[in-house]
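What follows is a single structure, written as structure tokens, with notes after it.
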Amino acid sequence: MYSRSVSATWDDSERNSLSEKIRARSNSGVRLDYYQRMVYKTILKYQDPVTGLFPGSCTPESKESWVRDNVYAILSVWALSLANRKNSDLDEDRAKSYELQQRCIKNMRSILTCLIKQADKVERFKKTQSPADSLHAKYGIRSLKTTVGDSEYGHLQLDAISLFILILAQMTASGVQIIYTLDEVAFIQNLVFYIEAAYRTPDYGVWERGDKTNHGQTELNSSSIGMSKAALEAINDLDLFGAKGGPASVIHCIPDETQKCSAVLQSMLPRESNSKEVDAALLGIIGYPAFAVEDADLLNLTRQTLVDKLQGRYGLRRFLRDGYRTSKEDSHRLHYQPWELKAFENIECEWPMFFCYLMLDAMFSGNTEMADEYWDALEEVVVRTDDGLKLLPEMYAVPQDKIDAEYLEPHSQDRVHIGRLPFLWGQSLYILCCLIKEGFVACGEIDPLCRRYVTEKKPDIVVQVVILAENDVVKEKARQNGIEIQTIQTARPVEVYPARVLSYIYGQLGKSWKLGLSGRPSHEVGTLSTSTLYQLHDRVIAFTPQFLDQEYFYLATDTNLLIDMFRTDISFLKSNWRMLGRPTVILEISERSFEEDGKLNPAFAATYRKCRTGYLHGARVMLGTLNEFLNTSCMYTLQFLGASTDSGKVKKSGEKDVRNYIDLLLLQKQAANKAQLPSSRSNKRDAPKRRLSRDLRSRAGSVVGIIRRTRSIQVDTTDPGMINIRSRQSSGDGLDQMGLPSPSGPPQPELFYSAPVDRPIFTQSPSVDEFPEVEVPELLDMLKQTESLGEQAEIIHYLYLTKGLNWDTRISSRGGSVRVTVADLVKELYDKSCQTKKWWLVRHSAGMLDKRVEDLARAVSDLLVHQKQITVGMPSDSEVTITRPLPPEELQTLIRGAYKKDNSTAMLTQELLMYLAMFVRTEPDLFHDLLRLRIGLIIQIMAAELARALKCKGPEASEYLLNLSPYEMKMLLHHILSGKEIGVREGDGAIGEENAVLTVAPLLQKNRRSGIARLRKSIQLSANENLMQIFNQGRLSTVNGLLSGTGDGGADGDSGSEDLPEKTGRWLRRRRLDGALNRLPKDFYPRIWRLLEKVMPQKPVEVLFSMYCI
């Protein structure tokens, strides 16, 4: 017995000796044991044994735990567990690896528990994006409950929740299972919906203070948007159960929401927010852990900006003029005024943990020289303990007695470390740097999702285009125009549905009645989503783009704008497609795609010809059928529909629910075809229509003209300069507004109304109480008799105001005894006006139906991140300023409230916001000198421009403006922004036929009317082409020598007295346009700043600037 025991002992000791010899040769075991000791004594020493959370500070009194700090603190523990697993020589090493991994799981699950207890807040926040409904940023260490009230702290920190999701995805991909149940999967899916609107959700940022002055105002922060983008990309298509999971445990992200975050992030960088021009928090998104920036040039620019402006000897400042923990900070004050922050300039505390970010960035990118540089910098700032450990302090500050010297010569004075020691966030990153530098952990091991390759060049994208006909009639018309295509119904084996069906499918994600979670809140799906083919069991489904859906918004009814948006989407896909496989775009041809003579719309035909060449709008395209593109298209599975669970039961009705929804859409479409309103008995456009008799119209009373009375667009009537010009023209000086000889014949109508006294710009809509009593049954009889859309619209509008949308009209349905409400009548009115291209009525009826333009919130966000303020409403009675992004519903309510009952102008405002966002993304130079975009004033100046071009009065110009097609409206807005001339080409088309609502006086003494047929970049001023004048960017060029002089003279040029009225009018118009757009001279504010510095050096420039310039 004794000998056997000795023999066994000898064998064990021999093995241990051999292992120790191996470890001694490489020294890896000793170094790994050192980092094991460092992690235990500087990180795990402070982990709570019950919950696994870390305190905010390393003191016994600390009872609160922050989400962000915990995630960063656990990174070093996770990395050490990977190192032990890879370098395990003994069972003891494998046991250490397992124990460290379990500590990670315990910590992450405790964070999950804290968050899941606030599931009701997640549900509310998805709809409101309000700070009061946000998840809390800190919790009790033992209780896992909230520690302060909703309004007592800056809880809305999207970067913290995004960081948790990102590291959860990375750990899961590395083999660590953190999520255990499908209820938790549903909650994580809703956390995805919680952060996906980060691009339009202002929050308090990484430093929990909001704007720089600490007034508690939320801002759009690049660091939050970038972290959200990274989290969405990381967790998309990830099975949270790992290898043991199934379709129900996979997380799905909408690619369009991720792209919106990416677009807004790119437009903001290198800036952090409106108040912080640069922030060291950006290091976490341009490098590890987020890797959120795909543009290598932008990434390098951001990094260099941070280094140049924030880096010091001891670390990086958080942001410029950061007074936190400096000797000048007044701890008794909650916030500062902007000009008071100058006291902190050049003495901001420096945080050494940002050297860790830069070193990690260098190691991940393979820049060894940069990594060594920051390693040496870290060695200078760490604090060494008696037992040989290295601690990273929170920050270094300038001592009180060295403040003056530091002011005079920045970075010259020695600093002392203050704050927490160790600072768990920074200490964890420092240990991570050490483990990677010494080769214990590879970069790929802590980035198993390969986010570090985000800047790698992507292959060229080929966009596959499929053209389908709405029905057999359209297919035959297309064949006659030389286009052989399939119909939507015959595009087998692929089923084609509108984007609304895809929105409904995505709406099923994340539903959990036990947690009170309703799933995805948004009903919008973008181009990236609809350019993918979907597989549902044995079916393949494709979806048409959302902008083709007339039910969603009326822009799809304008073929010219539809084609313009299609070309833009092709270019968009070329730049933003990141998924496997090629994008497939479906373009639907409908009846509205053809002219009255049966020919295909010219813009549509031109686009088709360009597609056949293989290139469109700078992108490679390929025409074909859906069947031909099956093998090359991006394919996404929708298996979660049949595999979602709730309360332990498998929900097998997912596919059935989708089928029922599709059947419901078909029924609604059939119901829409059962007209309740009388229609013209002739299909000819100019055929006479049955109208109300004069007696009936007189009995209708105040209903006649009711829509016109809701209009709020008024052309400025009190401008003395314009009145002076008109008086000179009417006095017979021989020149008209354009500087040409006045035409013979009767005088033209005035451009603007002249009034001896000021009139209010905004006319309040009449209230319901102000309407005289009108017999509703008699109105309904009139509605059944008239074929005029204008008269029908007035009657329906009266019912809408007095009875509401849900009032039962008791009109017998032609399809049976179906209840017909006012909403049904408005819907039919909207459909008919779309078919007949009565754009004034389209906008008005869309307003009554409360429709919202696609991506309204993103449009506003795009303008705001380009440092533009927005006002809606007519000046100056009801203007509302938008200075921060808002949820779509709140934006829509705000716009409707600004215009009161003027539905048409409210819808026009939504249009213009979308067009402005398009321009700011594609032509940012148009906005360089603009600070505030006053939409109401822009609408007024657009009407004034039409009045000038058409030589008509203000109300008529307003009607012309509202009757412009969406494409013409977009072009007019572009001309206003660019300063180019607009003109009118005489055409045969009439503006409208409804003299009840749209009364247009004859503009020419002819039998036919002159309408807006085309908005051009230049205007031809003479039929025989002997003159063309182009007004562009404040300069007037003359051709063929009509005007004497050089042709490029300014307003004060000497070119003959007969030209003075024309030039004065031109320059006055230019100034009016610039005033309406709030356009400023180049570098206006920087010059004023320098001027104030010189003339009043004894006063703070910030005070003077805020008093007189902002």
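Chain identifiers are assigned as A, B, and so on, following the order in which chains appear in the structure tokens; residues are numbered from 1 within each chain, and ligands are numbered from 1 in order of appearance.
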
**Shell around A:Asn70 at 12 Å using only C-alpha atoms, local window under 5 positions removed, as JSON, numbers by chain** = {"A": [43, 44, 46, 47, 48, 51, 52, 53, 54, 55, 56, 57, 64, 65, 75, 76, 77, 103, 104, 106, 107, 108, 109, 110, 111, 112, 137, 138, 139, 141, 160, 161, 163, 164, 167, 423, 424, 425, 426, 428]}

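Residues in contact range of A:Ala943, defined as at most 10 Å between only C-alpha atoms, with sequence neighbours fewer than 4 positions away removed, read Ile713, Gln714, Val715, Asp716, Leu937, Ile938, Ile939, Ala947, Arg948, Ala949, Lys953, Gly954, Pro955, Glu956, Ala957, Ser958, Glu959, Tyr960, Leu961 and Leu962 of chain A.
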
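For A:Arg578, the set of protein, DNA and RNA residues having any atom at most 10 Å away, when counting only C-alpha atoms and skipping those fewer than 6 positions along the same chain, is Pro255, Gln259, Lys458, Pro459, Ile461 and Leu528 of chain A.
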
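Excluding A:Leu408 and any residue on its chain fewer than 6 positions from it, the residues at most 12 Å away by only C-alpha atoms are Glu345, Asn346, Ile347 and Lys402 of chain A.
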
Now that the selection is made, can you save its residues with N, CA, C and O atoms as a JSON list (two decimals), in the first residue's frame?
```
[["chain", "number", "residue", "atom", "x", "y", "z"],
["A", 345, "GLU", "N", -10.96, 75.89, -20.06],
["A", 345, "GLU", "CA", -10.17, 75.65, -21.25],
["A", 345, "GLU", "C", -8.70, 75.42, -20.88],
["A", 345, "GLU", "O", -8.10, 76.18, -20.11],
["A", 346, "ASN", "N", -8.13, 74.33, -21.42],
["A", 346, "ASN", "CA", -6.72, 73.95, -21.24],
["A", 346, "ASN", "C", -6.41, 73.32, -19.88],
["A", 346, "ASN", "O", -5.26, 72.93, -19.65],
["A", 347, "ILE", "N", -7.39, 73.23, -18.97],
["A", 347, "ILE", "CA", -7.12, 72.58, -17.68],
["A", 347, "ILE", "C", -8.03, 71.37, -17.47],
["A", 347, "ILE", "O", -8.17, 70.88, -16.35],
["A", 402, "LYS", "N", -0.97, 75.14, -9.79],
["A", 402, "LYS", "CA", -0.35, 75.16, -11.11],
["A", 402, "LYS", "C", -1.33, 75.57, -12.22],
["A", 402, "LYS", "O", -1.01, 75.45, -13.40]]
```

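When only C-alpha atoms are used to measure the gap to A:Pro493, the shortest distance among A:Ser327, A:Gln910, A:Ser522, A:Asn627 belongs to A:Asn627.
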
**Item:** Contact residues around A:Arg612 with only C-alpha atoms at 9 Å, ignoring same-chain residues under 6 positions, as a VMD selection string
**Value:** chain A and resid 621 to 623

**Item:** Residues flagged helix (DSSP H, G or I) by DSSP in stretch 262-386 of chain A, as a PyMOL selection string
**Value:** chain A and resi 262-268+280-286+296-310+338-344+353-365+368-381

Could you turn the residues from that selection into a file that holds C-alpha atoms, as a CSV table (one decimal), in the first residue's frame?
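Resulting contents of result_8.csv:
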```
chain,number,residue,atom,x,y,z
A,262,SER,CA,-25.0,54.5,-40.4
A,263,ALA,CA,-26.1,57.4,-42.6
A,264,VAL,CA,-26.7,59.7,-39.7
A,265,LEU,CA,-23.4,58.7,-38.0
A,266,GLN,CA,-21.5,59.4,-41.2
A,267,SER,CA,-23.1,62.8,-41.5
A,268,MET,CA,-22.2,63.7,-37.9
A,280,ALA,CA,-13.2,61.0,-26.7
A,281,ALA,CA,-16.2,58.6,-26.4
A,282,LEU,CA,-16.0,58.3,-30.2
A,283,LEU,CA,-12.9,56.1,-29.7
A,284,GLY,CA,-15.2,53.3,-28.7
A,285,ILE,CA,-17.1,53.4,-32.0
A,286,ILE,CA,-14.3,53.9,-34.5
A,296,ALA,CA,-11.7,54.4,-43.7
A,297,ASP,CA,-11.0,58.0,-44.6
A,298,LEU,CA,-13.7,59.2,-42.2
A,299,LEU,CA,-12.4,56.9,-39.5
A,300,ASN,CA,-8.9,58.2,-39.8
A,301,LEU,CA,-10.2,61.8,-39.9
A,302,THR,CA,-12.1,61.2,-36.7
A,303,ARG,CA,-9.2,59.6,-34.9
A,304,GLN,CA,-6.8,62.3,-35.9
A,305,THR,CA,-9.3,65.0,-34.8
A,306,LEU,CA,-9.5,63.3,-31.4
A,307,VAL,CA,-5.8,63.1,-31.0
A,308,ASP,CA,-5.1,66.7,-32.2
A,309,LYS,CA,-7.7,68.3,-30.0
A,310,LEU,CA,-8.0,66.1,-26.9
A,338,PRO,CA,-22.0,78.4,-22.2
A,339,TRP,CA,-19.7,81.4,-21.8
A,340,GLU,CA,-18.6,80.2,-18.3
A,341,LEU,CA,-17.0,77.1,-19.7
A,342,LYS,CA,-14.1,79.1,-21.0
A,343,ALA,CA,-12.7,78.9,-17.4
A,344,PHE,CA,-12.0,75.2,-18.0
A,353,MET,CA,-8.1,54.9,-20.2
A,354,PHE,CA,-8.4,56.4,-23.7
A,355,PHE,CA,-4.8,55.4,-24.3
A,356,CYS,CA,-6.2,51.9,-24.0
A,357,TYR,CA,-8.8,52.5,-26.7
A,358,LEU,CA,-6.1,53.9,-29.0
A,359,MET,CA,-3.8,50.9,-28.3
A,360,LEU,CA,-6.6,48.4,-28.9
A,361,ASP,CA,-7.4,50.2,-32.2
A,362,ALA,CA,-3.7,50.0,-33.2
A,363,MET,CA,-3.4,46.3,-32.4
A,364,PHE,CA,-6.7,45.4,-34.2
A,365,SER,CA,-5.5,47.3,-37.3
A,368,THR,CA,2.5,47.9,-34.2
A,369,GLU,CA,4.3,51.3,-34.1
A,370,MET,CA,1.2,53.0,-32.9
A,371,ALA,CA,0.5,50.2,-30.4
A,372,ASP,CA,4.0,50.5,-29.0
A,373,GLU,CA,3.6,54.3,-28.7
A,374,TYR,CA,0.5,54.0,-26.6
A,375,TRP,CA,1.9,51.1,-24.6
A,376,ASP,CA,4.8,53.4,-23.5
A,377,ALA,CA,2.3,56.2,-22.7
A,378,LEU,CA,0.3,53.8,-20.5
A,379,GLU,CA,3.4,52.7,-18.7
A,380,GLU,CA,4.0,56.3,-17.7
A,381,VAL,CA,0.5,56.8,-16.2
```

**Message:** Counting only C-alpha atoms, which residue out of A:Gly482, A:Pro545, A:Cys634, A:Glu591 sits closest to A:Ala605?
**Reply:** A:Gly482

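Near A:Asp902, within a cut-off of 7 Å and counting only C-alpha atoms, sit the residues Thr710, Arg711 and Ser712 of chain A, with same-chain residues fewer than 6 positions away left out.
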